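Source file: input.tsv. Holds: TSV, C-alpha atoms.
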```tsv
chain	number	residue	atom	x	y	z
A	28	MET	CA	-24.21	9.73	-14.09
A	29	VAL	CA	-21.67	7.74	-12.07
A	30	GLN	CA	-19.34	5.78	-14.32
A	31	VAL	CA	-17.04	2.79	-14.03
A	32	PRO	CA	-13.45	4.06	-13.53
A	33	GLN	CA	-11.12	3.83	-16.50
A	34	VAL	CA	-8.14	3.23	-14.22
A	35	VAL	CA	-7.89	1.52	-10.84
A	36	VAL	CA	-4.82	2.31	-8.75
A	37	PHE	CA	-4.03	-0.13	-5.96
A	38	ASP	CA	-2.19	0.65	-2.77
A	39	VAL	CA	0.30	-2.15	-2.11
A	40	ASN	CA	1.40	-2.61	1.53
A	41	GLU	CA	-1.42	-4.42	3.37
A	42	THR	CA	-3.92	-3.74	0.57
A	43	LEU	CA	-2.33	-6.24	-1.82
A	44	SER	CA	0.44	-7.73	0.32
A	45	ASP	CA	-0.07	-9.66	3.54
A	46	LEU	CA	2.45	-8.37	6.09
A	47	ALA	CA	1.73	-11.12	8.64
A	48	PRO	CA	4.90	-13.13	7.79
A	49	LEU	CA	6.99	-10.20	9.02
A	50	ARG	CA	5.83	-11.04	12.55
A	51	LYS	CA	7.89	-14.23	12.42
A	52	ARG	CA	10.92	-12.23	11.35
A	53	PHE	CA	10.51	-10.05	14.44
A	54	GLU	CA	10.56	-13.21	16.56
A	55	GLU	CA	13.62	-14.48	14.72
A	56	VAL	CA	15.59	-11.40	15.78
A	57	GLY	CA	14.43	-11.69	19.40
A	58	ALA	CA	11.56	-9.19	19.33
A	59	PRO	CA	7.89	-9.95	20.09
A	60	ALA	CA	5.72	-10.48	17.04
A	61	HIS	CA	3.16	-7.95	18.23
A	62	LEU	CA	5.69	-5.15	17.64
A	63	MET	CA	5.31	-5.52	13.88
A	64	PRO	CA	2.11	-3.45	13.51
A	65	THR	CA	3.49	-0.84	15.91
A	66	TRP	CA	6.65	-0.60	13.83
A	67	PHE	CA	4.71	-0.29	10.57
A	68	ALA	CA	2.53	2.44	12.05
A	69	GLY	CA	5.69	4.24	13.16
A	70	VAL	CA	7.08	4.07	9.63
A	71	LEU	CA	3.92	5.66	8.26
A	72	ARG	CA	3.99	8.30	11.00
A	73	ASP	CA	7.53	9.37	10.16
A	74	GLY	CA	6.96	9.25	6.40
A	75	PHE	CA	3.84	11.37	6.76
A	76	GLY	CA	5.72	13.75	9.06
A	77	LEU	CA	8.52	14.27	6.56
A	78	THR	CA	6.03	14.93	3.78
A	79	ALA	CA	4.11	17.41	5.93
A	80	ALA	CA	7.39	19.25	6.59
A	81	GLY	CA	8.15	19.43	2.87
A	82	ALA	CA	10.88	16.79	3.06
A	83	TYR	CA	11.22	13.25	1.73
A	84	ALA	CA	12.96	9.96	2.51
A	85	ASP	CA	12.54	6.53	0.92
A	86	PHE	CA	10.39	3.97	2.70
A	87	ALA	CA	13.32	1.62	3.24
A	88	ASP	CA	15.35	4.28	5.02
A	89	VAL	CA	12.48	5.35	7.25
A	90	ALA	CA	11.60	1.72	7.99
A	91	ALA	CA	15.20	0.96	8.98
A	92	ASP	CA	15.41	4.01	11.24
A	93	VAL	CA	12.22	3.17	13.11
A	94	LEU	CA	13.15	-0.50	13.44
A	95	ARG	CA	16.69	0.30	14.57
A	96	ASP	CA	15.28	2.46	17.34
A	97	MET	CA	12.81	-0.22	18.45
A	98	LEU	CA	15.39	-3.00	18.49
A	99	SER	CA	17.90	-0.93	20.43
A	100	VAL	CA	15.61	-0.38	23.43
A	101	GLY	CA	15.37	-2.74	26.40
A	102	ASP	CA	17.66	-5.07	28.29
A	103	ASP	CA	16.26	-8.10	26.51
A	104	ARG	CA	17.67	-6.98	23.14
A	105	SER	CA	20.95	-8.58	22.16
A	106	GLY	CA	22.95	-9.31	19.04
A	107	ASP	CA	23.67	-7.30	15.94
A	108	VAL	CA	20.96	-4.65	15.50
A	109	GLU	CA	21.94	-3.87	11.92
A	110	ALA	CA	21.76	-7.53	10.97
A	111	ALA	CA	18.35	-7.75	12.64
A	112	VAL	CA	17.10	-4.72	10.74
A	113	HIS	CA	18.23	-6.23	7.43
A	114	HIS	CA	16.64	-9.57	8.29
A	115	VAL	CA	13.25	-8.01	8.96
A	116	LEU	CA	13.29	-5.71	5.93
A	117	ASP	CA	14.43	-8.52	3.64
A	118	GLY	CA	11.08	-10.12	4.40
A	119	PHE	CA	9.36	-7.64	2.10
A	120	GLY	CA	10.95	-9.46	-0.81
A	121	GLN	CA	9.13	-12.68	0.09
A	122	LEU	CA	5.63	-11.42	0.88
A	123	ARG	CA	2.57	-12.80	-0.90
A	124	CYS	CA	-0.80	-11.29	-1.71
A	125	HIS	CA	-3.99	-11.71	0.28
A	126	PRO	CA	-6.16	-14.55	-1.09
A	127	ASP	CA	-8.79	-12.17	-2.50
A	128	VAL	CA	-6.37	-10.11	-4.60
A	129	ALA	CA	-5.94	-12.19	-7.75
A	130	ALA	CA	-9.65	-12.66	-8.44
A	131	GLY	CA	-10.38	-8.98	-7.86
A	132	MET	CA	-7.60	-7.76	-10.12
A	133	ARG	CA	-8.46	-10.23	-12.87
A	134	ARG	CA	-12.14	-9.26	-12.80
A	135	LEU	CA	-11.26	-5.63	-13.47
A	136	TYR	CA	-8.59	-6.44	-16.06
A	137	GLU	CA	-10.86	-8.75	-18.05
A	138	VAL	CA	-13.40	-5.97	-18.71
A	139	GLY	CA	-10.73	-3.54	-19.87
A	140	VAL	CA	-10.06	-1.48	-16.75
A	141	ARG	CA	-6.43	-0.32	-16.67
A	142	LEU	CA	-4.60	-1.36	-13.50
A	143	PHE	CA	-1.85	0.61	-11.75
A	144	THR	CA	-0.19	0.37	-8.36
A	145	LEU	CA	0.99	3.27	-6.21
A	146	THR	CA	2.98	2.59	-3.06
A	147	ASN	CA	4.79	4.53	-0.37
A	148	GLY	CA	7.29	1.68	-0.64
A	149	ALA	CA	9.37	0.69	-3.65
A	150	ALA	CA	8.02	-0.13	-7.11
A	151	ALA	CA	10.66	-2.85	-7.46
A	152	LEU	CA	9.19	-4.71	-4.48
A	153	THR	CA	5.72	-4.34	-5.98
A	154	GLU	CA	6.95	-5.93	-9.20
A	155	GLY	CA	8.42	-8.85	-7.28
A	156	LEU	CA	5.18	-9.34	-5.37
A	157	LEU	CA	3.05	-9.31	-8.51
A	158	GLU	CA	5.46	-11.61	-10.33
A	159	ARG	CA	5.31	-14.18	-7.51
A	160	GLU	CA	1.52	-14.16	-7.81
A	161	GLY	CA	1.41	-14.31	-11.62
A	162	LEU	CA	-0.23	-10.88	-11.77
A	163	LEU	CA	2.55	-8.72	-13.17
A	164	GLU	CA	1.21	-8.72	-16.71
A	165	LEU	CA	-2.12	-7.33	-15.51
A	166	VAL	CA	-0.64	-4.13	-14.09
A	167	GLU	CA	0.21	-1.47	-16.65
A	168	ARG	CA	2.32	0.72	-14.37
A	169	ARG	CA	3.96	0.08	-10.98
A	170	LEU	CA	4.46	3.48	-9.37
A	171	ASP	CA	5.96	4.67	-6.12
A	172	VAL	CA	6.22	8.03	-4.40
A	173	SER	CA	9.92	8.56	-5.14
A	174	ARG	CA	9.03	10.58	-8.24
A	175	PRO	CA	6.68	13.13	-6.61
A	176	ARG	CA	8.81	12.87	-3.44
A	177	ALA	CA	5.70	12.99	-1.30
A	178	TRP	CA	4.12	10.09	0.58
A	179	LYS	CA	0.44	9.37	0.25
A	180	PRO	CA	-1.90	10.88	1.39
A	181	SER	CA	-0.26	14.00	-0.04
A	182	PRO	CA	-2.28	15.29	-3.03
A	183	ALA	CA	0.97	15.33	-5.02
A	184	ALA	CA	1.20	11.52	-4.89
A	185	TYR	CA	-2.29	11.03	-6.31
A	186	ARG	CA	-1.80	13.73	-8.96
A	187	TYR	CA	1.33	11.90	-10.05
A	188	ALA	CA	-0.61	8.67	-10.62
A	189	VAL	CA	-3.39	10.49	-12.46
A	190	ASN	CA	-0.89	12.25	-14.72
A	191	GLU	CA	0.87	8.97	-15.47
A	192	ALA	CA	-2.48	7.43	-16.44
A	193	GLY	CA	-3.29	10.37	-18.71
A	194	VAL	CA	-6.92	10.63	-17.62
A	195	LYS	CA	-9.01	12.86	-15.37
A	196	ALA	CA	-8.89	12.37	-11.60
A	197	GLU	CA	-12.58	11.47	-11.48
A	198	GLU	CA	-11.89	8.60	-13.89
A	199	VAL	CA	-9.44	6.97	-11.46
A	200	ALA	CA	-10.29	4.86	-8.43
A	201	LEU	CA	-7.82	4.39	-5.58
A	202	VAL	CA	-8.21	1.04	-3.82
A	203	ALA	CA	-6.79	0.76	-0.31
A	204	MET	CA	-7.46	-0.87	3.04
A	205	HIS	CA	-6.22	2.23	4.88
A	206	PRO	CA	-8.90	4.86	5.47
A	207	TRP	CA	-6.30	7.64	5.39
A	208	ASP	CA	-5.38	6.58	1.83
A	209	VAL	CA	-9.00	6.47	0.68
A	210	ASP	CA	-9.67	9.85	2.31
A	211	GLY	CA	-6.59	11.40	0.71
A	212	ALA	CA	-7.49	10.10	-2.73
A	213	GLN	CA	-11.01	11.47	-2.53
A	214	ARG	CA	-9.77	14.87	-1.41
A	215	ALA	CA	-7.55	14.83	-4.52
A	216	GLY	CA	-10.60	14.17	-6.73
A	217	LEU	CA	-10.28	10.40	-7.24
A	218	ILE	CA	-12.87	7.75	-6.48
A	219	GLY	CA	-12.16	6.26	-3.06
A	220	ALA	CA	-12.61	2.48	-2.74
A	221	TRP	CA	-12.12	0.91	0.69
A	222	VAL	CA	-11.28	-2.76	1.25
A	223	ASN	CA	-12.64	-3.43	4.72
A	224	ARG	CA	-11.18	-6.87	5.42
A	225	GLY	CA	-11.27	-6.34	9.19
A	226	GLY	CA	-14.96	-5.48	9.34
A	227	GLY	CA	-14.43	-2.42	11.52
A	228	PRO	CA	-16.01	1.01	11.16
A	229	TYR	CA	-14.65	3.68	8.86
A	230	PRO	CA	-13.41	6.74	10.79
A	231	GLY	CA	-16.12	9.37	11.05
A	232	SER	CA	-13.54	12.14	10.89
A	233	MET	CA	-12.58	11.18	7.33
A	234	VAL	CA	-14.43	11.53	4.04
A	235	ALA	CA	-16.59	8.42	3.67
A	236	PRO	CA	-15.56	6.03	0.89
A	237	GLN	CA	-17.57	6.14	-2.32
A	238	VAL	CA	-17.23	2.37	-2.64
A	239	GLN	CA	-16.52	-0.24	0.03
A	240	ALA	CA	-16.55	-4.01	0.34
A	241	PRO	CA	-15.12	-6.72	2.64
A	242	SER	CA	-12.77	-8.14	-0.01
A	243	LEU	CA	-10.96	-6.97	-3.09
A	244	GLU	CA	-13.00	-9.32	-5.24
A	245	ALA	CA	-16.25	-7.84	-3.92
A	246	LEU	CA	-14.84	-4.33	-4.27
A	247	ALA	CA	-14.07	-4.97	-7.94
A	248	ALA	CA	-17.67	-6.04	-8.49
A	249	ALA	CA	-18.92	-2.90	-6.73
A	250	LEU	CA	-16.72	-0.66	-8.89
A	251	LEU	CA	-18.03	-2.29	-12.05
A	252	GLN	CA	-21.63	-1.71	-10.95
A	253	ARG	CA	-21.15	2.06	-10.56
```
Take the structure from the file and write it as structure tokens.
Amino acid sequence: MVQVPQVVVFDVNETLSDLAPLRKRFEEVGAPAHLMPTWFAGVLRDGFGLTAAGAYADFADVAADVLRDMLSVGDDRSGDVEAAVHHVLDGFGQLRCHPDVAAGMRRLYEVGVRLFTLTNGAAALTEGLLEREGLLELVERRLDVSRPRAWKPSPAAYRYAVNEAGVKAEEVALVAMHPWDVDGAQRAGLIGAWVNRGGGPYPGSMVAPQVQAPSLEALAAALLQR
């Protein structure tokens, strides 16, 4: 019989946090706003690449390297690149959650589901985000991949979260808006729960999510109906 998960682990960047304000920071340093998603994808690419090679670097360092490279290319770039990099990355400390996050997290918390976060970024930034939203007290543990030294979707990252929760992998659900994260969690034995805010199709090359919904609030309801 399929059961309600005892623990729900949330991805943070883009799943909980809305990265859209970082676009304005790109414009403020003289770069087009549309570069923001390209930059973020590049950060993930390099983080994944390091993990695949058996190496590790913190998100902030990888993010700075990718951004430094992007801002140093082209005749239209001027000014202090290092200052620009810091200005963009400082924006992470001011991000807010998507509108559907609070209701979804509270619905799970109120019925006794334990809530964790697991990010390829920094746990300290997660704590700041949750505190700004009044959600910090709901989340039992704020984890990042610096302990296992392996970025999601490495199995080591998910095993780390499961071990910290002290339960079986099949009793943990990983909530993310990134299909690669959902796929990785399911391959590691967790329940995969996909937040499909964009309404697009899930990649056919990846393991299909066990639970999916268009918002985190609806996803919470679906998890509780398992």
Ranking A:Ala111, A:Ser181, A:Asp45, A:Asn40 by minimum distance to Ala58 in chain A and counting all atoms listed in the file, which one comes first?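 Answer, going by the shortest atom-to-atom distance: A:Ala111.
Nearest-residue note for Gln33 in chain A: choosing from A:Leu145, A:Leu165, A:Ile218, A:Leu49, the minimum distance belongs to A:Ile218, counting all atoms listed in the file.
Minimum atom-to-atom distances from A:Ala177, A:Ala248, A:His114, A:Val209 to Leu77 in chain A were compared using only C-alpha atoms, and the lowest value belongs to A:Ala177.
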Option closest in space to Ala249 in chain A, from A:Gly69, A:Gly219, A:Gly118, A:Gly193 [counting only C-alpha atoms]: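 Smallest separation from Ala249 in chain A among the options: A:Gly219.
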Could you list, as a short mmCIF file (atom, residue, chain, number, x, y, z; two decimals) with C-alpha atoms, in the coordinates of the input, every residue within 12 Å of Ala151 in chain A, counting all atoms listed in the file and ignoring same-chain residues fewer than 2 positions away?
```cif
data_model
loop_
_atom_site.label_atom_id
_atom_site.label_comp_id
_atom_site.auth_asym_id
_atom_site.auth_seq_id
_atom_site.Cartn_x
_atom_site.Cartn_y
_atom_site.Cartn_z
CA VAL A 39 0.30 -2.15 -2.11
CA ALA A 87 13.32 1.62 3.24
CA PHE A 119 9.36 -7.64 2.10
CA GLY A 120 10.95 -9.46 -0.81
CA THR A 144 -0.19 0.37 -8.36
CA LEU A 145 0.99 3.27 -6.21
CA THR A 146 2.98 2.59 -3.06
CA ASN A 147 4.79 4.53 -0.37
CA GLY A 148 7.29 1.68 -0.64
CA ALA A 149 9.37 0.69 -3.65
CA THR A 153 5.72 -4.34 -5.98
CA GLU A 154 6.95 -5.93 -9.20
CA GLY A 155 8.42 -8.85 -7.28
CA LEU A 156 5.18 -9.34 -5.37
CA LEU A 157 3.05 -9.31 -8.51
CA GLU A 158 5.46 -11.61 -10.33
CA LEU A 163 2.55 -8.72 -13.17
CA ARG A 168 2.32 0.72 -14.37
CA ARG A 169 3.96 0.08 -10.98
CA LEU A 170 4.46 3.48 -9.37
CA ASP A 171 5.96 4.67 -6.12
CA SER A 173 9.92 8.56 -5.14
#
```
Of the candidates A:Gly226, A:Val202, A:Leu98, A:Arg214, which shows the shortest atom-to-atom distance to Gly131 in chain A, using all atoms listed in the file?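 Selected residue with least distance to Gly131 in chain A: A:Val202.
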Among listed residues A:Ser44, A:Ala235, A:Val70, A:Leu246, nearest Arg159 in chain A (using only C-alpha atoms): A:Ser44
CA of Val36 in chain A to CA of Thr78 in chain A, distance in Å rounded to a single decimal: 20.8 Å
Neighbours of Lys179 in chain A within 9 Å (all atoms listed in the file; same-chain residues fewer than 3 positions away dropped), as a PyMOL selection string? chain A and resi 74-75+78+145-147+172+182-185+207-208+211-212
If you measure from CA of Asp96 in chain A to CA of Ala82 in chain A, what distance in Å do you get, rounded to one decimal?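 Separation between CA of Asp96 in chain A and CA of Ala82 in chain A: 20.7 Å.
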Here CA of Val34 in chain A and CA of Ala240 in chain A stand apart by 18.3 Å
Take range 46-195 of chain A from the block and save it with C-alpha atoms, as a compact mmCIF listing (two decimals), in the first residue's frame.
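That gives us part-v4.txt:
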```txt
# COMPACT_ATOMS: atom_id res chain seq x y z
CA LEU A 46 14.94 33.81 -8.92
CA ALA A 47 13.23 36.40 -11.14
CA PRO A 48 14.57 39.41 -9.14
CA LEU A 49 18.09 38.40 -10.14
CA ARG A 50 17.24 39.48 -13.69
CA LYS A 51 17.14 43.09 -12.52
CA ARG A 52 20.55 42.68 -10.94
CA PHE A 53 21.92 41.55 -14.30
CA GLU A 54 20.55 44.74 -15.84
CA GLU A 55 22.04 46.81 -13.04
CA VAL A 56 25.53 45.57 -13.94
CA GLY A 57 24.99 46.23 -17.65
CA ALA A 58 24.03 42.72 -18.77
CA PRO A 59 20.73 41.71 -20.42
CA ALA A 60 18.18 40.21 -18.07
CA HIS A 61 17.68 37.18 -20.29
CA LEU A 62 21.20 35.99 -19.41
CA MET A 63 20.10 35.07 -15.90
CA PRO A 64 18.57 31.65 -16.76
CA THR A 65 21.53 30.87 -19.02
CA TRP A 66 23.91 31.69 -16.19
CA PHE A 67 21.98 29.57 -13.70
CA ALA A 68 21.95 26.64 -16.12
CA GLY A 69 25.71 27.06 -16.53
CA VAL A 70 26.18 26.93 -12.77
CA LEU A 71 24.27 23.66 -12.60
CA ARG A 72 26.23 22.28 -15.56
CA ASP A 73 29.58 22.96 -13.91
CA GLY A 74 28.45 21.73 -10.50
CA PHE A 75 27.14 18.52 -12.03
CA GLY A 76 30.35 18.16 -14.02
CA LEU A 77 32.54 18.44 -10.93
CA THR A 78 30.42 15.89 -9.11
CA ALA A 79 30.57 13.48 -12.04
CA ALA A 80 34.38 13.81 -12.00
CA GLY A 81 34.51 13.01 -8.29
CA ALA A 82 35.30 16.60 -7.31
CA TYR A 83 33.40 19.31 -5.44
CA ALA A 84 33.11 23.09 -5.21
CA ASP A 85 30.62 25.25 -3.33
CA PHE A 86 27.72 26.76 -5.25
CA ALA A 87 28.90 30.31 -4.58
CA ASP A 88 32.32 29.63 -6.08
CA VAL A 89 30.92 27.93 -9.17
CA ALA A 90 28.31 30.67 -9.59
CA ALA A 91 30.98 33.38 -9.39
CA ASP A 92 33.21 31.61 -11.92
CA VAL A 93 30.43 31.21 -14.48
CA LEU A 94 29.21 34.77 -14.00
CA ARG A 95 32.73 36.21 -14.17
CA ASP A 96 33.21 34.49 -17.51
CA MET A 97 29.89 35.76 -18.88
CA LEU A 98 30.46 39.34 -17.78
CA SER A 99 33.96 39.45 -19.20
CA VAL A 100 32.88 38.67 -22.77
CA GLY A 101 31.85 41.30 -25.32
CA ASP A 102 32.73 44.88 -26.13
CA ASP A 103 29.62 46.17 -24.39
CA ARG A 104 30.86 45.03 -20.97
CA SER A 105 32.48 47.72 -18.87
CA GLY A 106 33.22 48.46 -15.24
CA ASP A 107 34.42 46.32 -12.39
CA VAL A 108 33.61 42.67 -13.13
CA GLU A 109 34.28 41.54 -9.57
CA ALA A 110 31.95 44.18 -8.18
CA ALA A 111 29.31 43.10 -10.70
CA VAL A 112 29.67 39.47 -9.69
CA HIS A 113 29.22 40.36 -6.02
CA HIS A 114 26.20 42.53 -6.81
CA VAL A 115 24.41 39.73 -8.63
CA LEU A 116 25.24 37.03 -6.08
CA ASP A 117 24.24 39.28 -3.17
CA GLY A 118 20.74 39.12 -4.62
CA PHE A 119 20.35 35.58 -3.28
CA GLY A 120 20.17 37.07 0.19
CA GLN A 121 17.04 39.04 -0.71
CA LEU A 122 15.01 36.47 -2.64
CA ARG A 123 11.46 35.56 -1.62
CA CYS A 124 9.42 32.41 -2.03
CA HIS A 125 6.90 31.70 -4.76
CA PRO A 126 3.33 32.56 -3.67
CA ASP A 127 2.27 28.89 -3.42
CA VAL A 128 5.07 27.85 -1.04
CA ALA A 129 3.76 28.89 2.37
CA ALA A 130 0.36 27.22 2.04
CA GLY A 131 1.90 24.00 0.74
CA MET A 132 4.48 23.77 3.50
CA ARG A 133 1.97 24.61 6.22
CA ARG A 134 -0.48 21.99 4.97
CA LEU A 135 2.15 19.26 5.33
CA TYR A 136 3.46 20.55 8.65
CA GLU A 137 0.01 20.76 10.23
CA VAL A 138 -0.63 17.03 9.73
CA GLY A 139 2.72 16.05 11.23
CA VAL A 140 4.90 15.57 8.17
CA ARG A 141 8.52 16.46 8.96
CA LEU A 142 9.95 19.11 6.62
CA PHE A 143 13.57 19.36 5.46
CA THR A 144 15.32 21.33 2.75
CA LEU A 145 18.25 20.14 0.63
CA THR A 146 19.99 22.57 -1.69
CA ASN A 147 22.97 22.64 -4.01
CA GLY A 148 23.39 26.15 -2.63
CA ALA A 149 24.06 27.18 0.96
CA ALA A 150 21.95 26.22 3.97
CA ALA A 151 22.54 29.68 5.45
CA LEU A 152 20.78 31.28 2.47
CA THR A 153 17.92 28.81 2.85
CA GLU A 154 17.52 29.84 6.49
CA GLY A 155 17.41 33.50 5.52
CA LEU A 156 14.80 32.81 2.85
CA LEU A 157 12.58 30.85 5.22
CA GLU A 158 12.98 33.44 7.96
CA ARG A 159 11.88 36.25 5.63
CA GLU A 160 8.75 34.24 4.83
CA GLY A 161 7.96 33.26 8.43
CA LEU A 162 8.50 29.58 7.61
CA LEU A 163 11.75 28.82 9.41
CA GLU A 164 10.09 27.17 12.39
CA LEU A 165 8.33 24.69 10.10
CA VAL A 166 11.55 23.21 8.72
CA GLU A 167 13.31 20.75 10.99
CA ARG A 168 16.62 20.64 9.11
CA ARG A 169 18.13 22.93 6.46
CA LEU A 170 20.69 20.84 4.58
CA ASP A 171 23.09 21.52 1.75
CA VAL A 172 25.44 19.37 -0.29
CA SER A 173 28.64 20.60 1.38
CA ARG A 174 28.54 17.64 3.77
CA PRO A 175 28.30 14.82 1.19
CA ARG A 176 30.39 16.97 -1.17
CA ALA A 177 28.26 15.90 -4.10
CA TRP A 178 25.67 18.01 -5.91
CA LYS A 179 22.21 16.65 -6.53
CA PRO A 180 21.32 14.55 -8.50
CA SER A 181 24.16 12.43 -7.13
CA PRO A 182 22.75 9.53 -5.06
CA ALA A 183 25.11 10.58 -2.26
CA ALA A 184 23.20 13.85 -1.76
CA TYR A 185 19.85 12.11 -1.34
CA ARG A 186 21.34 9.41 0.92
CA TYR A 187 22.70 12.18 3.11
CA ALA A 188 19.23 13.70 3.57
CA VAL A 189 17.67 10.30 4.26
CA ASN A 190 20.33 9.49 6.86
CA GLU A 191 19.83 12.86 8.55
CA ALA A 192 16.09 12.16 8.73
CA GLY A 193 16.70 8.72 10.23
CA VAL A 194 14.05 6.99 8.13
CA LYS A 195 13.94 4.73 5.07
```
